[in-house]
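**Student:** Structure file model-v3.cif, mmCIF, C-alpha atoms and all ligand atoms, is pasted below:
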```
data_structure
loop_
_atom_site.label_atom_id
_atom_site.label_comp_id
_atom_site.auth_asym_id
_atom_site.auth_seq_id
_atom_site.Cartn_x
_atom_site.Cartn_y
_atom_site.Cartn_z
CA MET A 1 25.63 -13.50 9.47
CA PRO A 2 26.56 -15.74 6.51
CA ASN A 3 29.66 -15.14 4.46
CA PHE A 4 28.23 -13.04 1.66
CA ASP A 5 31.53 -12.47 -0.09
CA ARG A 6 31.65 -16.13 -0.88
CA LEU A 7 27.94 -16.56 -1.54
CA PHE A 8 27.28 -13.58 -3.79
CA PRO A 9 29.95 -10.93 -4.32
CA SER A 10 27.40 -8.42 -5.69
CA ILE A 11 25.17 -8.88 -2.67
CA ALA A 12 28.12 -8.38 -0.35
CA LYS A 13 28.65 -4.99 -1.95
CA MET A 14 24.99 -4.07 -1.55
CA MET A 15 25.04 -5.18 2.05
CA ALA A 16 28.05 -3.04 2.78
CA ALA A 17 26.18 -0.10 1.26
CA ALA A 18 23.10 -0.91 3.31
CA LEU A 19 25.09 -1.12 6.51
CA LEU A 20 26.70 2.19 5.73
CA LEU A 21 23.26 3.73 5.21
CA ALA A 22 22.02 2.22 8.45
CA SER A 23 24.95 3.52 10.43
CA SER A 24 24.62 6.99 8.94
CA GLY A 25 21.08 7.02 10.29
CA THR A 26 19.27 7.68 7.02
CA VAL A 27 17.34 4.42 7.23
CA MET A 28 14.05 4.76 9.07
CA ALA A 29 14.51 4.60 12.81
CA ALA A 30 12.89 1.82 14.78
CA ASP A 31 10.61 4.02 16.81
CA HIS A 32 7.18 3.11 15.39
CA GLN A 33 6.94 -0.52 16.26
CA ASP A 34 3.47 -0.44 17.71
CA THR A 35 1.63 -2.02 14.77
CA PRO A 36 2.43 -5.38 13.13
CA ILE A 37 2.92 -3.56 9.82
CA GLU A 38 5.55 -1.26 11.31
CA LYS A 39 7.23 -4.13 13.09
CA GLY A 40 7.23 -6.06 9.82
CA ARG A 41 8.60 -3.08 7.92
CA GLN A 42 11.44 -2.80 10.42
CA LEU A 43 12.28 -6.50 10.17
CA PHE A 44 12.02 -6.46 6.40
CA THR A 45 14.05 -3.35 5.75
CA GLU A 46 16.67 -3.76 8.47
CA SER A 47 16.76 -6.29 11.18
CA ALA A 48 15.56 -9.79 10.20
CA GLY A 49 18.54 -12.15 10.40
CA GLU A 50 20.76 -9.08 10.91
CA THR A 51 20.53 -8.22 7.20
CA GLY A 52 16.85 -7.59 6.65
CA CYS A 53 15.12 -8.75 3.47
CA ALA A 54 15.22 -5.47 1.55
CA VAL A 55 18.90 -5.87 0.79
CA CYS A 56 17.89 -8.49 -1.79
CA HIS A 57 14.16 -7.88 -2.36
CA GLY A 58 14.23 -4.06 -2.33
CA GLU A 59 12.78 -1.68 0.27
CA THR A 60 9.28 -2.04 -1.15
CA ALA A 61 9.55 -5.78 -1.90
CA VAL A 62 9.32 -5.26 -5.65
CA GLY A 63 12.33 -7.53 -6.23
CA ASN A 64 15.75 -6.91 -7.68
CA PRO A 65 17.07 -8.50 -10.87
CA ASP A 66 20.65 -8.07 -9.61
CA THR A 67 20.09 -10.42 -6.70
CA GLY A 68 17.50 -12.68 -8.36
CA ALA A 69 15.13 -11.98 -5.48
CA PRO A 70 11.55 -11.79 -6.79
CA PHE A 71 8.63 -9.40 -6.30
CA ILE A 72 6.92 -10.60 -3.11
CA GLN A 73 4.36 -7.94 -2.23
CA GLY A 74 1.12 -9.64 -1.16
CA ILE A 75 2.62 -13.14 -1.27
CA SER A 76 0.63 -15.93 0.37
CA ARG A 77 1.43 -17.07 3.88
CA ALA A 78 2.21 -20.59 2.63
CA ARG A 79 4.84 -19.37 0.18
CA LEU A 80 6.33 -17.02 2.72
CA ASN A 81 6.59 -19.82 5.29
CA ALA A 82 8.12 -22.18 2.74
CA ALA A 83 10.68 -19.60 1.65
CA LEU A 84 11.66 -18.97 5.26
CA THR A 85 11.98 -22.61 6.22
CA GLY A 86 14.57 -23.79 3.75
CA ALA A 87 12.91 -23.68 0.32
CA VAL A 88 15.21 -20.86 -0.81
CA PRO A 89 18.93 -21.62 -0.29
CA ALA A 90 19.91 -17.93 -0.44
CA MET A 91 17.66 -17.36 2.56
CA GLU A 92 18.54 -20.37 4.68
CA TYR A 93 20.23 -18.31 7.35
CA PHE A 94 16.96 -16.71 8.48
CA LYS A 95 15.65 -18.19 11.71
CA LEU A 96 12.54 -16.17 12.38
CA ASN A 97 9.98 -16.89 15.05
CA ARG A 98 6.27 -17.01 14.35
CA GLY A 99 5.62 -13.44 15.51
CA ASP A 100 8.30 -12.00 13.25
CA THR A 101 7.08 -14.01 10.26
CA ASP A 102 3.52 -12.82 10.90
CA ALA A 103 4.68 -9.21 11.08
CA ILE A 104 6.58 -9.55 7.79
CA PHE A 105 3.51 -11.15 6.24
CA GLU A 106 1.40 -8.15 7.33
CA PHE A 107 3.95 -5.76 5.90
CA LEU A 108 4.02 -7.57 2.54
CA GLN A 109 0.21 -7.55 2.41
CA TYR A 110 0.22 -3.88 3.21
CA MET A 111 2.75 -3.14 0.47
CA SER A 112 0.51 -4.74 -2.11
CA HIS A 113 -2.17 -2.12 -1.35
CA ALA A 114 0.10 0.77 -0.57
CA GLU A 115 -0.18 2.38 -4.00
CA ASP A 116 -3.93 2.70 -3.62
CA LEU A 117 -3.43 4.30 -0.26
CA VAL A 118 -1.29 7.12 -1.52
CA LEU A 119 -3.31 10.25 -2.08
CA ASN A 120 -2.02 11.04 -5.56
CA GLU A 121 -2.42 14.40 -7.27
CA ASP A 122 -5.83 13.62 -8.79
CA ALA A 123 -7.19 12.16 -5.59
CA ALA A 124 -5.94 15.16 -3.61
CA ALA A 125 -7.77 17.53 -5.98
CA GLY A 126 -10.80 15.26 -5.69
CA LYS A 127 -10.69 15.47 -1.92
CA GLU A 128 -11.00 19.27 -2.10
CA ILE A 129 -14.11 18.93 -4.30
CA PHE A 130 -15.54 16.17 -2.13
CA ASP A 131 -14.92 17.99 1.15
CA LYS A 132 -15.79 21.55 0.21
CA THR A 133 -16.29 22.88 -3.25
CA ALA A 134 -18.88 20.69 -5.04
CA GLY A 135 -22.02 22.85 -5.15
CA GLY A 136 -20.47 25.02 -2.43
CA VAL A 137 -20.93 22.27 0.20
CA GLY A 138 -18.95 19.28 -1.01
CA CYS A 139 -20.22 15.75 -1.57
CA GLN A 140 -19.58 15.05 2.09
CA ALA A 141 -22.59 17.22 3.08
CA CYS A 142 -24.86 14.35 2.05
CA HIS A 143 -22.59 11.32 1.59
CA GLY A 144 -20.68 11.68 4.86
CA ALA A 145 -17.14 12.81 5.63
CA ASP A 146 -15.62 9.51 4.52
CA GLY A 147 -18.14 8.80 1.76
CA SER A 148 -19.67 5.92 3.71
CA GLY A 149 -23.12 7.48 3.55
CA ASP A 150 -25.27 9.87 5.56
CA SER A 151 -28.50 11.26 4.16
CA ALA A 152 -27.24 9.87 0.82
CA PRO A 153 -25.73 6.43 0.13
CA ASP A 154 -22.22 5.04 0.50
CA ILE A 155 -20.33 6.07 -2.64
CA ARG A 156 -16.81 4.81 -1.87
CA GLY A 157 -15.31 3.23 -4.96
CA ARG A 158 -17.92 4.64 -7.39
CA ASP A 159 -16.41 5.47 -10.76
CA ALA A 160 -16.62 8.51 -13.04
CA ARG A 161 -19.47 6.99 -15.03
CA ALA A 162 -21.63 6.57 -11.95
CA ILE A 163 -20.93 10.14 -10.90
CA LEU A 164 -21.70 11.58 -14.35
CA ASP A 165 -24.90 9.60 -14.41
CA GLN A 166 -26.04 11.03 -11.06
CA LEU A 167 -25.06 14.57 -11.98
CA ARG A 168 -27.24 14.25 -15.05
CA ARG A 169 -30.37 12.82 -13.50
CA ASN A 170 -30.33 13.03 -9.70
CA GLU A 171 -32.46 16.01 -8.58
CA ASN A 172 -30.71 16.13 -5.21
CA MET A 173 -27.43 16.77 -6.96
CA GLU A 174 -28.71 19.15 -9.64
CA PHE A 175 -27.04 22.20 -8.14
CA ILE A 176 -23.59 20.62 -8.50
CA LYS A 177 -21.65 21.56 -11.64
CA LEU A 178 -18.43 19.71 -12.37
CA ASN A 179 -16.41 19.44 -15.54
CA ARG A 180 -15.13 16.10 -16.77
CA LYS A 181 -11.73 16.54 -15.21
CA GLN A 182 -13.23 17.31 -11.81
CA VAL A 183 -15.42 14.23 -12.06
CA ASP A 184 -12.33 12.11 -12.68
CA GLN A 185 -10.64 13.69 -9.70
CA VAL A 186 -13.56 12.97 -7.40
CA ALA A 187 -13.64 9.41 -8.74
CA ALA A 188 -9.96 9.06 -7.86
CA TYR A 189 -10.72 10.20 -4.34
CA LEU A 190 -13.65 7.77 -4.04
CA ASP A 191 -11.21 5.02 -5.07
CA TYR A 192 -8.89 6.11 -2.33
CA LEU A 193 -11.70 6.06 0.25
CA HIS A 194 -12.60 2.59 -0.95
CA ALA A 195 -9.00 1.42 -0.56
CA LEU A 196 -8.94 2.78 2.99
CA GLU A 197 -12.13 0.89 3.76
CA THR A 198 -10.98 -2.46 2.40
CA HIS A 199 -7.41 -2.18 3.55
C1 LIG B 201 20.54 -12.86 0.24
C2 LIG B 201 19.43 -12.39 -0.54
C3 LIG B 201 18.04 -12.57 0.04
C4 LIG B 201 17.59 -12.11 1.25
C5 LIG B 201 18.35 -11.32 2.28
C6 LIG B 201 16.19 -12.51 1.33
N1 LIG B 201 15.83 -13.17 0.19
FE1 LIG B 201 14.01 -13.91 -0.22
N2 LIG B 201 14.70 -14.67 -1.96
C7 LIG B 201 15.96 -14.49 -2.46
C8 LIG B 201 16.08 -15.16 -3.75
C9 LIG B 201 17.31 -15.19 -4.62
C10 LIG B 201 14.83 -15.77 -4.00
C11 LIG B 201 14.41 -16.55 -5.23
C12 LIG B 201 14.82 -17.97 -5.06
C13 LIG B 201 14.33 -18.81 -6.21
O1 LIG B 201 13.62 -18.32 -7.08
O2 LIG B 201 14.68 -20.00 -6.18
C14 LIG B 201 13.99 -15.44 -2.86
C15 LIG B 201 12.68 -15.85 -2.72
C16 LIG B 201 11.83 -15.45 -1.70
C17 LIG B 201 10.46 -15.85 -1.58
C18 LIG B 201 9.76 -16.84 -2.46
C19 LIG B 201 8.88 -16.18 -3.47
C20 LIG B 201 8.01 -17.20 -4.17
O3 LIG B 201 7.75 -16.95 -5.32
O4 LIG B 201 7.61 -18.20 -3.58
C21 LIG B 201 9.95 -15.22 -0.47
C22 LIG B 201 8.53 -15.31 0.06
C23 LIG B 201 11.03 -14.47 0.12
N3 LIG B 201 12.16 -14.62 -0.66
C24 LIG B 201 10.91 -13.72 1.27
C25 LIG B 201 11.99 -13.17 1.95
C26 LIG B 201 11.91 -12.56 3.24
C27 LIG B 201 10.64 -12.39 4.04
C28 LIG B 201 13.17 -12.19 3.57
C29 LIG B 201 13.64 -11.60 4.86
C30 LIG B 201 13.26 -12.29 6.09
C31 LIG B 201 14.03 -12.52 2.47
N4 LIG B 201 13.28 -13.12 1.48
C32 LIG B 201 15.37 -12.25 2.40
C33 LIG B 201 16.97 -13.79 -1.86
C34 LIG B 201 16.92 -13.22 -0.61
C1 LIG B 202 -27.43 17.61 -1.40
C2 LIG B 202 -27.06 16.22 -1.14
C3 LIG B 202 -26.05 15.58 -2.07
C4 LIG B 202 -24.81 16.06 -2.43
C5 LIG B 202 -24.13 17.35 -2.00
C6 LIG B 202 -24.22 15.03 -3.27
N1 LIG B 202 -25.08 13.98 -3.40
FE1 LIG B 202 -24.72 12.27 -4.40
N2 LIG B 202 -26.58 11.59 -3.92
C7 LIG B 202 -27.47 12.25 -3.12
C8 LIG B 202 -28.66 11.42 -2.93
C9 LIG B 202 -29.87 11.77 -2.10
C10 LIG B 202 -28.41 10.24 -3.66
C11 LIG B 202 -29.33 9.02 -3.79
C12 LIG B 202 -30.24 9.22 -4.95
C13 LIG B 202 -31.12 8.00 -5.21
O1 LIG B 202 -31.05 7.04 -4.46
O2 LIG B 202 -31.85 8.06 -6.18
C14 LIG B 202 -27.09 10.37 -4.26
C15 LIG B 202 -26.52 9.41 -5.05
C16 LIG B 202 -25.21 9.47 -5.52
C17 LIG B 202 -24.57 8.44 -6.28
C18 LIG B 202 -25.18 7.11 -6.66
C19 LIG B 202 -25.08 6.20 -5.47
C20 LIG B 202 -25.12 4.74 -5.84
O3 LIG B 202 -25.38 3.95 -4.91
O4 LIG B 202 -24.87 4.40 -6.98
C21 LIG B 202 -23.31 8.86 -6.57
C22 LIG B 202 -22.25 8.11 -7.34
C23 LIG B 202 -23.19 10.18 -5.99
N3 LIG B 202 -24.35 10.52 -5.37
C24 LIG B 202 -22.04 10.93 -6.07
C25 LIG B 202 -21.92 12.19 -5.54
C26 LIG B 202 -20.73 12.99 -5.65
C27 LIG B 202 -19.43 12.55 -6.31
C28 LIG B 202 -20.99 14.19 -5.07
C29 LIG B 202 -20.11 15.40 -5.01
C30 LIG B 202 -19.52 15.81 -6.27
C31 LIG B 202 -22.34 14.12 -4.53
N4 LIG B 202 -22.88 12.91 -4.84
C32 LIG B 202 -22.97 15.13 -3.83
C33 LIG B 202 -27.31 13.48 -2.55
C34 LIG B 202 -26.20 14.27 -2.69
#
```
Hey, can you dump this file as structure tokens for me?
**Tutor:**
Amino acid sequence: MPNFDRLFPSIAKMMAAALLLASSGTVMAADHQDTPIEKGRQLFTESAGETGCAVCHGETAVGNPDTGAPFIQGISRARLNAALTGAVPAMEYFKLNRGDTDAIFEFLQYMSHAEDLVLNEDAAAGKEIFDKTAGGVGCQACHGADGSGDSAPDIRGRDARAILDQLRRNENMEFIKLNRKQVDQVAAYLDYLHALETH
């Protein structure tokens, strides 16, 4: 490990805090390493070069003005490789192999979509409507459990306008009554299903 006290006193303090956290066991344990994303998360948050990357870039790779480490979610492979092979002096001590770099790349890609993949409050309410309550059967009865289509077309990613339009003029969907708020909630859930599909 490099001498952080000399390099950056403020980082040395953060690292001490991170090590304390790690030893107290509150940092995620390394037991889900089966996917590249999980392996990358582990390397990024804890183990790469003994320090991990999060100590400077933040747990979710959004960057940290205190360390000068930038936002790097979704960064290109070329820039990641350059940064890890000497382009960034603060990071020169990392000697990662190809597999580790690939895993970190996957994790950073994943983080750039992660917000879409969280079922937020609206989307969760939309899921209830989609699965069960719309017209007493849910949208899924015709559009399939994941919205990818069944007797009716794939509607993942359709927006509120498209839904309102169908509710107004599609005879198959005439029996469904939703207020504007519910339409927005279903649209949020269709967004989520779309994010799952493209992720
Ligand atoms: C000691 C603090 C520190 C650690 C630990 C660290 N970085 Fe950095 N990183 C920086 C700083 C500071 C910069 C910005 C350098 C600059 O702008 O010249 C940077 C820049 C980068 C960039 C370049 C972004 C761009 O715009 O091209 C990438 C990619 C990157 N880091 C990835 C990583 C990864 C992956 C790890 C872990 C393996 C890591 N960093 C660990 C401090 C750190
Ligand atoms: C009883 C079956 C049924 C149910 C339930 C149903 N739909 Fe549909 N929906 C259809 C059919 C059939 C079409 C295709 C109509 C056409 O092609 O003219 C369609 C079309 C759509 C479209 C337009 C598709 C496109 O490609 O633009 C949207 C959006 C849509 N539905 C949303 C919903 C939502 C949201 C719900 C639940 C709130 C729902 N539907 C419930 C049968 C259904």
**Student:** As a quick test: using all atoms listed in the file, which residues lie no more than 9 Å away from ligand LIG 201 (chain B)? Give them as a PyMOL selection string.
**Tutor:** chain A and resi 4+7-8+11-12+43-45+47-49+51-57+61+63-64+67-73+75-84+87-96+100-101+104-105+108
**Student:** Show me, as AutoDock Vina command-line options, the centre and edge lengths in Å to one decimal of the axis-aligned box that covers every listed atom of ligand LIG 202 (chain B) with 6 Å on each side.
**Tutor:**
```
--center_x -25.6 --center_y 10.8 --center_z -4.2 --size_x 24.4 --size_y 25.7 --size_z 18.2
```
**Student:** Write out as a PyMOL selection string each polymer residue (protein, DNA or RNA) that has an atom no more than 7 Å from ligand LIG 202 (chain B), with only C-alpha atoms and all ligand atoms counted.
**Tutor:** chain A and resi 129-130+134-135+137-143+151-155+158+162-163+166+170+172-173+176+186
**Student:** Rank A:Thr133, A:Ser148, A:Asn97, A:Gln109 by their smallest atom-to-atom distance to Leu178 (chain A), using only C-alpha atoms, and report the top residue only.
**Tutor:** A:Thr133
**Student:** From the set A:Lys132, A:Asp122, A:Asp34, A:Phe107, which residue has the shortest atom-to-atom contact distance to Lys181 (chain A), counting all atoms listed in the file?
**Tutor:**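 Using all atoms listed in the file, Lys181 (chain A) sits closest to A:Asp122.
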**Student:** Using all atoms listed in the file, can you tell me which of A:Ala145, A:Ala103, A:Val62, A:Ile37 comes closest to Leu193 (chain A)?
**Tutor:**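 Nearest candidate to Leu193 (chain A) out of A:Ala145, A:Ala103, A:Val62, A:Ile37: A:Ala145.
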**Student:** For each of A:Lys177, A:Asp159, A:Gly147, A:Val118, take the minimum atom-to-atom distance to Asp131 (chain A), counting all atoms listed in the file, then give the residue where this is smallest.
**Tutor:**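 With all atoms listed in the file as the atom set, the closest residue is A:Gly147.
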**Student:** State, in Å with one decimal place, the distance from CA of Gly126 (chain A) to CA of Val183 (chain A).
**Tutor:**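 Going from CA of Gly126 (chain A) over to CA of Val183 (chain A), I get 7.9 Å.
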**Student:** Have a look at A:Gly149, A:Gly74, A:Thr35, A:Lys127 and name the one nearest to Ala114 (chain A); count all atoms listed in the file.
**Tutor:** A:Gly74
